[in-house]
>>> print(open('structure_28.txt').read())   # compact mmCIF, C-alpha atoms
# COMPACT_ATOMS: atom_id res chain seq x y z
CA MET K 1 -21.80 -1.84 -2.35
CA LEU K 2 -18.50 -2.82 -0.78
CA LEU K 3 -16.38 -0.30 1.12
CA ALA K 4 -12.71 -1.32 1.11
CA LEU K 5 -10.12 0.30 3.39
CA ASP K 6 -6.34 -0.02 3.31
CA ILE K 7 -4.94 1.47 6.53
CA GLY K 8 -1.27 2.24 5.92
CA ASN K 9 1.41 3.92 7.99
CA THR K 10 1.18 7.18 6.03
CA ASN K 11 -2.18 7.13 4.25
CA ILE K 12 -5.53 5.40 4.41
CA ALA K 13 -6.85 4.46 0.98
CA LEU K 14 -10.60 3.94 0.64
CA GLY K 15 -12.64 2.67 -2.25
CA VAL K 16 -16.30 1.89 -2.92
CA PHE K 17 -17.08 -0.97 -5.27
CA ARG K 18 -20.27 -2.08 -6.98
CA ALA K 19 -19.50 -5.69 -7.87
CA GLU K 20 -15.92 -5.37 -9.22
CA GLU K 21 -16.34 -1.80 -10.51
CA LEU K 22 -14.58 0.90 -8.49
CA LYS K 23 -17.09 3.73 -8.13
CA ALA K 24 -15.15 6.18 -5.94
CA THR K 25 -11.81 6.41 -4.16
CA TRP K 26 -10.14 8.62 -1.57
CA ARG K 27 -6.86 8.96 0.31
CA ILE K 28 -6.57 10.54 3.76
CA ALA K 29 -3.68 10.94 6.19
CA THR K 30 -3.27 8.23 8.81
CA ASP K 31 -3.75 9.58 12.33
CA SER K 32 -3.88 7.08 15.21
CA ALA K 33 -5.16 9.79 17.56
CA ARG K 34 -8.47 10.23 15.70
CA MET K 35 -11.53 8.63 17.22
CA ALA K 36 -14.06 6.43 15.43
CA ASP K 37 -16.59 9.28 15.30
CA GLU K 38 -14.04 11.62 13.69
CA TYR K 39 -13.25 9.14 10.96
CA GLY K 40 -16.94 8.29 10.65
CA LEU K 41 -17.96 11.90 10.06
CA MET K 42 -15.11 12.37 7.61
CA LEU K 43 -16.07 9.25 5.68
CA SER K 44 -19.77 10.20 5.65
CA GLN K 45 -18.90 13.58 4.12
CA MET K 46 -16.65 12.00 1.50
CA LEU K 47 -19.35 9.55 0.47
CA GLU K 48 -21.87 12.39 0.21
CA LEU K 49 -19.54 14.46 -1.98
CA LYS K 50 -19.21 11.53 -4.41
CA SER K 51 -23.01 10.95 -4.34
CA VAL K 52 -22.60 7.53 -2.76
CA PRO K 53 -25.44 6.90 -0.24
CA ALA K 54 -24.04 5.43 2.97
CA LYS K 55 -27.11 3.16 3.24
CA GLU K 56 -25.99 1.37 0.05
CA VAL K 57 -22.79 0.15 1.72
CA LYS K 58 -23.69 -3.44 2.61
CA ALA K 59 -20.20 -4.88 3.20
CA ILE K 60 -16.85 -3.59 4.45
CA ALA K 61 -13.40 -5.13 4.15
CA LEU K 62 -10.28 -3.66 5.70
CA CYS K 63 -6.61 -4.44 6.00
CA SER K 64 -4.45 -2.56 8.45
CA VAL K 65 -0.76 -2.26 9.32
CA VAL K 66 -1.59 0.21 12.11
CA PRO K 67 -2.94 -2.03 14.94
CA PRO K 68 -4.38 0.83 17.07
CA LEU K 69 -6.64 1.87 14.18
CA THR K 70 -8.08 -1.56 13.47
CA PRO K 71 -10.62 -1.49 16.36
CA THR K 72 -11.35 2.16 15.53
CA PHE K 73 -12.53 1.23 12.04
CA VAL K 74 -14.37 -1.85 13.27
CA GLU K 75 -16.29 0.44 15.64
CA LEU K 76 -16.89 2.96 12.86
CA SER K 77 -18.19 0.25 10.51
CA GLU K 78 -20.69 -1.02 13.05
CA ALA K 79 -21.83 2.41 14.26
CA TYR K 80 -22.16 4.21 10.91
CA PHE K 81 -23.01 1.39 8.51
CA GLY K 82 -24.39 -1.38 10.72
CA VAL K 83 -21.84 -3.75 9.20
CA THR K 84 -19.28 -6.00 10.88
CA PRO K 85 -16.22 -5.69 8.62
CA LEU K 86 -14.01 -8.43 7.26
CA VAL K 87 -10.58 -7.76 8.79
CA VAL K 88 -7.98 -9.39 6.55
CA GLY K 89 -5.23 -11.36 8.25
CA SER K 90 -3.02 -14.38 7.66
CA GLY K 91 -5.98 -16.70 8.36
CA THR K 92 -8.30 -15.09 5.81
CA ARG K 93 -9.12 -17.28 2.81
CA THR K 94 -7.84 -15.32 -0.17
CA GLY K 95 -6.91 -18.05 -2.63
CA VAL K 96 -3.21 -17.49 -1.90
CA ARG K 97 -1.40 -20.00 0.33
CA ILE K 98 1.12 -18.34 2.67
CA LEU K 99 4.43 -20.21 2.96
CA TYR K 100 6.13 -17.67 5.25
CA ASP K 101 7.97 -19.22 8.23
CA GLN K 102 5.54 -17.42 10.54
CA PRO K 103 2.37 -16.67 8.51
CA ARG K 104 1.07 -14.28 11.16
CA ASP K 105 4.10 -12.04 10.55
CA VAL K 106 2.93 -11.21 7.01
CA GLY K 107 1.31 -7.76 6.91
CA ALA K 108 -2.33 -7.68 5.88
CA ASP K 109 -1.48 -5.24 3.09
CA ARG K 110 0.99 -7.75 1.62
CA ILE K 111 -1.61 -10.54 1.75
CA VAL K 112 -4.21 -8.39 -0.02
CA GLN K 113 -1.79 -7.20 -2.69
CA ALA K 114 -0.56 -10.72 -3.42
CA ALA K 115 -4.13 -12.05 -3.59
CA ALA K 116 -5.33 -9.23 -5.86
CA ALA K 117 -2.33 -9.47 -8.18
CA PHE K 118 -2.74 -13.25 -8.49
CA ARG K 119 -6.50 -12.86 -9.04
CA PHE K 120 -6.02 -10.43 -11.92
CA TYR K 121 -2.75 -11.55 -13.49
CA GLY K 122 -1.98 -15.09 -12.36
CA GLY K 123 1.49 -16.21 -11.35
CA PRO K 124 4.35 -16.32 -11.00
CA LEU K 125 4.60 -12.66 -10.12
CA VAL K 126 6.53 -10.04 -8.17
CA VAL K 127 4.52 -7.36 -6.38
CA VAL K 128 6.40 -4.12 -5.68
CA ASP K 129 4.70 -1.77 -3.21
CA CYS K 130 6.25 1.71 -3.26
CA GLY K 131 5.01 3.30 -0.04
CA THR K 132 6.43 4.14 3.37
CA ALA K 133 8.57 1.06 2.85
CA THR K 134 9.47 -0.43 -0.52
CA VAL K 135 8.14 -3.98 -0.22
CA PHE K 136 8.66 -6.89 -2.62
CA ASP K 137 6.51 -10.03 -2.55
CA GLY K 138 6.82 -13.23 -4.54
CA VAL K 139 3.93 -15.47 -5.62
CA THR K 140 4.35 -18.73 -7.51
CA ALA K 141 2.38 -19.98 -10.50
CA GLN K 142 0.37 -22.11 -8.05
CA GLY K 143 -0.68 -19.07 -6.02
CA GLU K 144 1.74 -19.64 -3.15
CA TYR K 145 3.02 -16.60 -1.29
CA VAL K 146 6.66 -17.54 -0.73
CA GLY K 147 7.97 -14.38 0.95
CA GLY K 148 9.58 -11.11 0.02
CA ALA K 149 11.88 -8.27 0.94
CA ILE K 150 11.48 -4.95 2.76
CA ALA K 151 13.57 -1.82 2.23
CA PRO K 152 13.21 1.83 3.36
CA GLY K 153 10.78 3.73 1.16
CA LEU K 154 11.68 6.76 -0.90
CA ARG K 155 10.10 9.38 1.38
CA LEU K 156 11.43 7.63 4.47
CA ALA K 157 14.95 7.71 3.04
CA ALA K 158 14.61 11.37 2.06
CA GLU K 159 13.36 12.34 5.52
CA SER K 160 16.19 10.39 7.14
CA LEU K 161 18.76 12.33 5.10
CA PHE K 162 17.20 15.61 6.22
CA THR K 163 16.86 14.77 9.91
CA SER K 164 20.15 12.91 10.32
CA THR K 165 22.48 15.43 8.69
CA SER K 166 23.34 19.07 9.35
CA GLN K 167 23.61 20.45 5.82
CA LEU K 168 21.23 18.40 3.68
CA ARG K 169 17.73 19.78 3.18
CA ARG K 170 14.39 18.47 2.03
CA VAL K 171 14.10 18.15 -1.75
CA ASP K 172 11.26 17.50 -4.18
CA LEU K 173 11.18 13.86 -5.20
CA LEU K 174 11.72 14.25 -8.93
CA ALA K 175 13.71 12.13 -11.33
CA PRO K 176 16.76 14.10 -12.60
CA GLN K 177 17.91 13.95 -16.21
CA THR K 178 21.39 12.72 -15.30
CA ALA K 179 22.80 10.50 -12.58
CA ILE K 180 25.71 12.84 -11.87
CA GLY K 181 24.34 15.75 -9.85
CA LYS K 182 25.75 19.25 -10.48
CA ASN K 183 24.41 20.61 -7.19
CA THR K 184 23.30 19.22 -3.85
CA THR K 185 19.58 19.14 -4.71
CA HIS K 186 20.29 17.36 -7.99
CA ALA K 187 22.67 14.94 -6.24
CA MET K 188 20.08 14.06 -3.60
CA GLN K 189 17.37 13.56 -6.22
CA SER K 190 19.69 11.29 -8.15
CA GLY K 191 20.58 9.20 -5.13
CA LEU K 192 17.03 9.01 -3.83
CA VAL K 193 14.98 8.56 -6.99
CA LEU K 194 17.37 6.88 -9.44
CA GLY K 195 18.93 4.93 -6.59
CA ASN K 196 15.51 3.62 -5.60
CA VAL K 197 14.71 2.72 -9.20
CA ASP K 198 17.92 0.71 -9.45
CA LEU K 199 17.19 -0.95 -6.09
CA ILE K 200 13.81 -2.05 -7.45
CA GLU K 201 15.16 -3.21 -10.80
CA GLY K 202 17.93 -5.15 -9.09
CA MET K 203 15.59 -6.84 -6.63
CA VAL K 204 13.15 -7.72 -9.40
CA LYS K 205 15.98 -9.47 -11.28
CA ARG K 206 16.86 -11.44 -8.15
CA PHE K 207 13.22 -12.42 -7.57
CA LYS K 208 12.88 -13.55 -11.19
CA ARG K 209 15.91 -15.79 -10.80
CA GLU K 210 14.09 -17.53 -7.94
CA LEU K 211 10.52 -17.44 -9.27
CA GLY K 212 11.18 -17.80 -12.98
CA GLN K 213 12.05 -15.31 -15.71
CA ASN K 214 8.43 -15.27 -16.88
CA ALA K 215 7.27 -13.71 -13.60
CA LYS K 216 5.08 -10.65 -14.10
CA VAL K 217 5.94 -7.48 -12.17
CA ILE K 218 3.06 -5.55 -10.58
CA GLY K 219 3.66 -2.08 -9.12
CA THR K 220 1.44 -0.48 -6.48
CA GLY K 221 1.59 2.15 -3.73
CA GLY K 222 1.54 5.94 -3.66
CA LEU K 223 5.01 6.39 -5.15
CA VAL K 224 4.71 3.91 -7.99
CA PRO K 225 3.91 6.61 -10.64
CA LEU K 226 7.24 8.33 -9.87
CA ILE K 227 9.14 5.03 -9.97
CA ALA K 228 7.42 4.00 -13.21
>>> encode(input="structure_28.txt", output="structure tokens")
Amino acid sequence: MLLALDIGNTNIALGVFRAEELKATWRIATDSARMADEYGLMLSQMLELKSVPAKEVKAIALCSVVPPLTPTFVELSEAYFGVTPLVVGSGTRTGVRILYDQPRDVGADRIVQAAAAFRFYGGPLVVVDCGTATVFDGVTAQGEYVGGAIAPGLRLAAESLFTSTSQLRRVDLLAPQTAIGKNTTHAMQSGLVLGNVDLIEGMVKRFKRELGQNAKVIGTGGLVPLIA
């Protein structure tokens, strides 16, 4: 079995695969202060609860945008599974050629998403990752990663409104029925959710003008169900 880990700024997504079949998946909060043993015990318990024997994990792949946690999970992989993990970076052979000005600047999560989307759907395509940041990536029909765009994510924007103003409060991230809000909560939900939807739709149109109108659009990330 393959254990795959996506270490993000807010959450760590984990999945266990047998061949290409996803057998189990989890999401836990990212905490840079946790030690390898803490994460190891947590992961061992999660595998046990899903009836996945740890001894069947023969390979581990991870991508991380939280540099302090990368060695933590390398240590965990070696100590708990006896496996040296594949740590995805700009030099990893994924089948996608990176044409960024500085390839090392491309986040591992963006490389993995572009490679997976191209593997399953072909190109050209636009990958939209709705997470801590809202990230757009463009891949050509030839499998070339040409770059993208990064904007504040929905939760990040909502938290900024709350912490940077005196009278605005936290609101549930729900899509309102109308764009014109009749109260402050409704108005914030409109600006945050519908505004983010229009940001995404507008950026997708711009990307299609540069990649081709036949470009497929692939959504991913924790907030993509709300945006969809």
>>> atom_distance(input="structure_28.txt", atom1="atom CA of Asn214 of chain K", atom2="atom CA of Ile150 of chain K")
22.4 Å
>>> closest_residue(input="structure_28.txt", among="K:Gly82, K:Gly8, K:Pro152, K:Gly221", to="Val128 of chain K", atoms="only C-alpha atoms")
K:Gly221
>>> residues_near_point(input="structure_28.txt", point="(3.0, -19.1, 1.0)", cutoff="7 Å", atoms="only C-alpha atoms", output="ChimeraX atom specification")
/K:97-100,144-147
>>> write_last_selection(input="structure_28.txt", atoms="C-alpha atoms", output="mmCIF file, in the frame of the given file")
data_model
loop_
_atom_site.group_PDB
_atom_site.id
_atom_site.type_symbol
_atom_site.label_atom_id
_atom_site.label_comp_id
_atom_site.auth_asym_id
_atom_site.auth_seq_id
_atom_site.Cartn_x
_atom_site.Cartn_y
_atom_site.Cartn_z
ATOM 1 C CA ARG K 97 -1.400 -20.000 0.330
ATOM 2 C CA ILE K 98 1.120 -18.340 2.670
ATOM 3 C CA LEU K 99 4.430 -20.210 2.960
ATOM 4 C CA TYR K 100 6.130 -17.670 5.250
ATOM 5 C CA GLU K 144 1.740 -19.640 -3.150
ATOM 6 C CA TYR K 145 3.020 -16.600 -1.290
ATOM 7 C CA VAL K 146 6.660 -17.540 -0.730
ATOM 8 C CA GLY K 147 7.970 -14.380 0.950
#
>>> residues_around(input="structure_28.txt", residues="Ala157 of chain K", least_positions_apart="5", cutoff="10 Å", atoms="all atoms listed in the file", output="ChimeraX atom specification")
/K:132-133,151-152,162,192,196
>>> atom_distance(input="structure_28.txt", atom1="atom CA of Ala114 of chain K", atom2="atom CA of Ile218 of chain K")
9.5 Å
>>> residues_near_point(input="structure_28.txt", point="(17.8, 0.2, -9.6)", cutoff="12 Å", atoms="all atoms listed in the file", output="ChimeraX atom specification")
/K:179,190-206,227-228
>>> closest_residue(input="structure_28.txt", among="K:Arg93, K:Arg209, K:Arg18, K:Arg34", to="Glu56 of chain K", atoms="only C-alpha atoms")
K:Arg18
>>> closest_residue(input="structure_28.txt", among="K:Leu168, K:Val217, K:Cys63, K:Ala29", to="Gly107 of chain K", atoms="all atoms listed in the file")
K:Cys63
>>> closest_residue(input="structure_28.txt", among="K:Pro176, K:Ile28, K:Cys130, K:Asp137", to="Thr10 of chain K", atoms="all atoms listed in the file")
K:Ile28
>>> residues_around(input="structure_28.txt", residues="Glu78 of chain K", least_positions_apart="3", cutoff="12 Å", atoms="only C-alpha atoms", output="VMD selection string")
chain K and resid 36 to 37 40 57 to 60 71 to 75 81 to 86
>>> residues_around(input="structure_28.txt", residues="Leu41 of chain K", least_positions_apart="3", cutoff="12 Å", atoms="all atoms listed in the file", output="ChimeraX atom specification")
/K:34-38,44-48,54,76-77,79-81
>>> closest_residue(input="structure_28.txt", among="K:Val106, K:Val16, K:Ala158, K:Leu211", to="Met188 of chain K", atoms="only C-alpha atoms")
K:Ala158
>>> atom_distance(input="structure_28.txt", atom1="atom CA of Gly122 of chain K", atom2="atom CA of Phe136 of chain K")
16.6 Å
>>> build_atoms(input="structure_28.txt", residues="segment 144-155 of chain K", atoms="all heavy atoms", output="PDB file, in the frame of the given file")
ATOM      1  N   GLU K 144       1.109 -19.521  -4.463  1.00  0.00           N
ATOM      2  CA  GLU K 144       1.740 -19.640  -3.150  1.00  0.00           C
ATOM      3  C   GLU K 144       2.536 -18.376  -2.853  1.00  0.00           C
ATOM      4  O   GLU K 144       3.400 -17.984  -3.647  1.00  0.00           O
ATOM      5  CB  GLU K 144       2.661 -20.855  -3.098  1.00  0.00           C
ATOM      6  CG  GLU K 144       1.949 -22.172  -3.335  1.00  0.00           C
ATOM      7  CD  GLU K 144       2.909 -23.297  -3.654  1.00  0.00           C
ATOM      8  OE1 GLU K 144       3.955 -23.020  -4.288  1.00  0.00           O
ATOM      9  OE2 GLU K 144       2.617 -24.450  -3.287  1.00  0.00           O
ATOM     10  N   TYR K 145       2.243 -17.757  -1.726  1.00  0.00           N
ATOM     11  CA  TYR K 145       3.020 -16.600  -1.290  1.00  0.00           C
ATOM     12  C   TYR K 145       4.271 -17.133  -0.603  1.00  0.00           C
ATOM     13  O   TYR K 145       4.199 -17.740   0.464  1.00  0.00           O
ATOM     14  CB  TYR K 145       2.202 -15.741  -0.325  1.00  0.00           C
ATOM     15  CG  TYR K 145       2.966 -14.570   0.256  1.00  0.00           C
ATOM     16  CD1 TYR K 145       2.953 -13.335  -0.375  1.00  0.00           C
ATOM     17  CD2 TYR K 145       3.726 -14.717   1.417  1.00  0.00           C
ATOM     18  CE1 TYR K 145       3.666 -12.272   0.144  1.00  0.00           C
ATOM     19  CE2 TYR K 145       4.433 -13.654   1.936  1.00  0.00           C
ATOM     20  CZ  TYR K 145       4.408 -12.441   1.299  1.00  0.00           C
ATOM     21  OH  TYR K 145       5.123 -11.384   1.806  1.00  0.00           O
ATOM     22  N   VAL K 146       5.432 -16.908  -1.231  1.00  0.00           N
ATOM     23  CA  VAL K 146       6.660 -17.540  -0.730  1.00  0.00           C
ATOM     24  C   VAL K 146       7.519 -16.605   0.113  1.00  0.00           C
ATOM     25  O   VAL K 146       8.480 -17.043   0.742  1.00  0.00           O
ATOM     26  CB  VAL K 146       7.497 -18.103  -1.905  1.00  0.00           C
ATOM     27  CG1 VAL K 146       6.786 -19.290  -2.528  1.00  0.00           C
ATOM     28  CG2 VAL K 146       7.789 -17.028  -2.950  1.00  0.00           C
ATOM     29  N   GLY K 147       7.193 -15.321   0.144  1.00  0.00           N
ATOM     30  CA  GLY K 147       7.970 -14.380   0.950  1.00  0.00           C
ATOM     31  C   GLY K 147       8.323 -13.132   0.167  1.00  0.00           C
ATOM     32  O   GLY K 147       7.753 -12.867  -0.895  1.00  0.00           O
ATOM     33  N   GLY K 148       9.250 -12.359   0.693  1.00  0.00           N
ATOM     34  CA  GLY K 148       9.580 -11.110   0.020  1.00  0.00           C
ATOM     35  C   GLY K 148      10.763 -10.402   0.637  1.00  0.00           C
ATOM     36  O   GLY K 148      11.612 -11.013   1.286  1.00  0.00           O
ATOM     37  N   ALA K 149      10.799  -9.105   0.436  1.00  0.00           N
ATOM     38  CA  ALA K 149      11.880  -8.270   0.940  1.00  0.00           C
ATOM     39  C   ALA K 149      11.316  -6.903   1.302  1.00  0.00           C
ATOM     40  O   ALA K 149      10.332  -6.453   0.705  1.00  0.00           O
ATOM     41  CB  ALA K 149      12.996  -8.122  -0.102  1.00  0.00           C
ATOM     42  N   ILE K 150      11.943  -6.253   2.290  1.00  0.00           N
ATOM     43  CA  ILE K 150      11.480  -4.950   2.760  1.00  0.00           C
ATOM     44  C   ILE K 150      12.675  -4.004   2.825  1.00  0.00           C
ATOM     45  O   ILE K 150      13.705  -4.346   3.410  1.00  0.00           O
ATOM     46  CB  ILE K 150      10.823  -5.042   4.150  1.00  0.00           C
ATOM     47  CG1 ILE K 150       9.664  -6.051   4.144  1.00  0.00           C
ATOM     48  CG2 ILE K 150      10.325  -3.667   4.606  1.00  0.00           C
ATOM     49  CD1 ILE K 150       9.090  -6.340   5.506  1.00  0.00           C
ATOM     50  N   ALA K 151      12.527  -2.836   2.213  1.00  0.00           N
ATOM     51  CA  ALA K 151      13.570  -1.820   2.230  1.00  0.00           C
ATOM     52  C   ALA K 151      12.952  -0.476   2.602  1.00  0.00           C
ATOM     53  O   ALA K 151      11.738  -0.290   2.489  1.00  0.00           O
ATOM     54  CB  ALA K 151      14.245  -1.717   0.849  1.00  0.00           C
ATOM     55  N   PRO K 152      13.762   0.499   3.067  1.00  0.00           N
ATOM     56  CA  PRO K 152      13.210   1.830   3.360  1.00  0.00           C
ATOM     57  C   PRO K 152      12.581   2.442   2.115  1.00  0.00           C
ATOM     58  O   PRO K 152      13.122   2.329   1.013  1.00  0.00           O
ATOM     59  CB  PRO K 152      14.434   2.633   3.818  1.00  0.00           C
ATOM     60  CG  PRO K 152      15.428   1.613   4.258  1.00  0.00           C
ATOM     61  CD  PRO K 152      15.207   0.422   3.367  1.00  0.00           C
ATOM     62  N   GLY K 153      11.444   3.072   2.281  1.00  0.00           N
ATOM     63  CA  GLY K 153      10.780   3.730   1.160  1.00  0.00           C
ATOM     64  C   GLY K 153      11.459   5.028   0.788  1.00  0.00           C
ATOM     65  O   GLY K 153      12.319   5.552   1.506  1.00  0.00           O
ATOM     66  N   LEU K 154      11.049   5.566  -0.342  1.00  0.00           N
ATOM     67  CA  LEU K 154      11.680   6.760  -0.900  1.00  0.00           C
ATOM     68  C   LEU K 154      11.527   7.971   0.027  1.00  0.00           C
ATOM     69  O   LEU K 154      12.503   8.666   0.322  1.00  0.00           O
ATOM     70  CB  LEU K 154      11.052   7.041  -2.271  1.00  0.00           C
ATOM     71  CG  LEU K 154      11.709   8.070  -3.187  1.00  0.00           C
ATOM     72  CD1 LEU K 154      13.201   7.821  -3.327  1.00  0.00           C
ATOM     73  CD2 LEU K 154      11.053   8.006  -4.563  1.00  0.00           C
ATOM     74  N   ARG K 155      10.313   8.223   0.494  1.00  0.00           N
ATOM     75  CA  ARG K 155      10.100   9.380   1.380  1.00  0.00           C
ATOM     76  C   ARG K 155      10.785   9.167   2.727  1.00  0.00           C
ATOM     77  O   ARG K 155      11.307  10.104   3.322  1.00  0.00           O
ATOM     78  CB  ARG K 155       8.602   9.623   1.586  1.00  0.00           C
ATOM     79  CG  ARG K 155       7.918  10.255   0.384  1.00  0.00           C
ATOM     80  CD  ARG K 155       6.629  10.979   0.770  1.00  0.00           C
ATOM     81  NE  ARG K 155       6.011  11.588  -0.389  1.00  0.00           N
ATOM     82  CZ  ARG K 155       5.050  11.035  -1.113  1.00  0.00           C
ATOM     83  NH1 ARG K 155       4.585   9.840  -0.772  1.00  0.00           N
ATOM     84  NH2 ARG K 155       4.533  11.644  -2.159  1.00  0.00           N
TER      85      ARG K 155
END
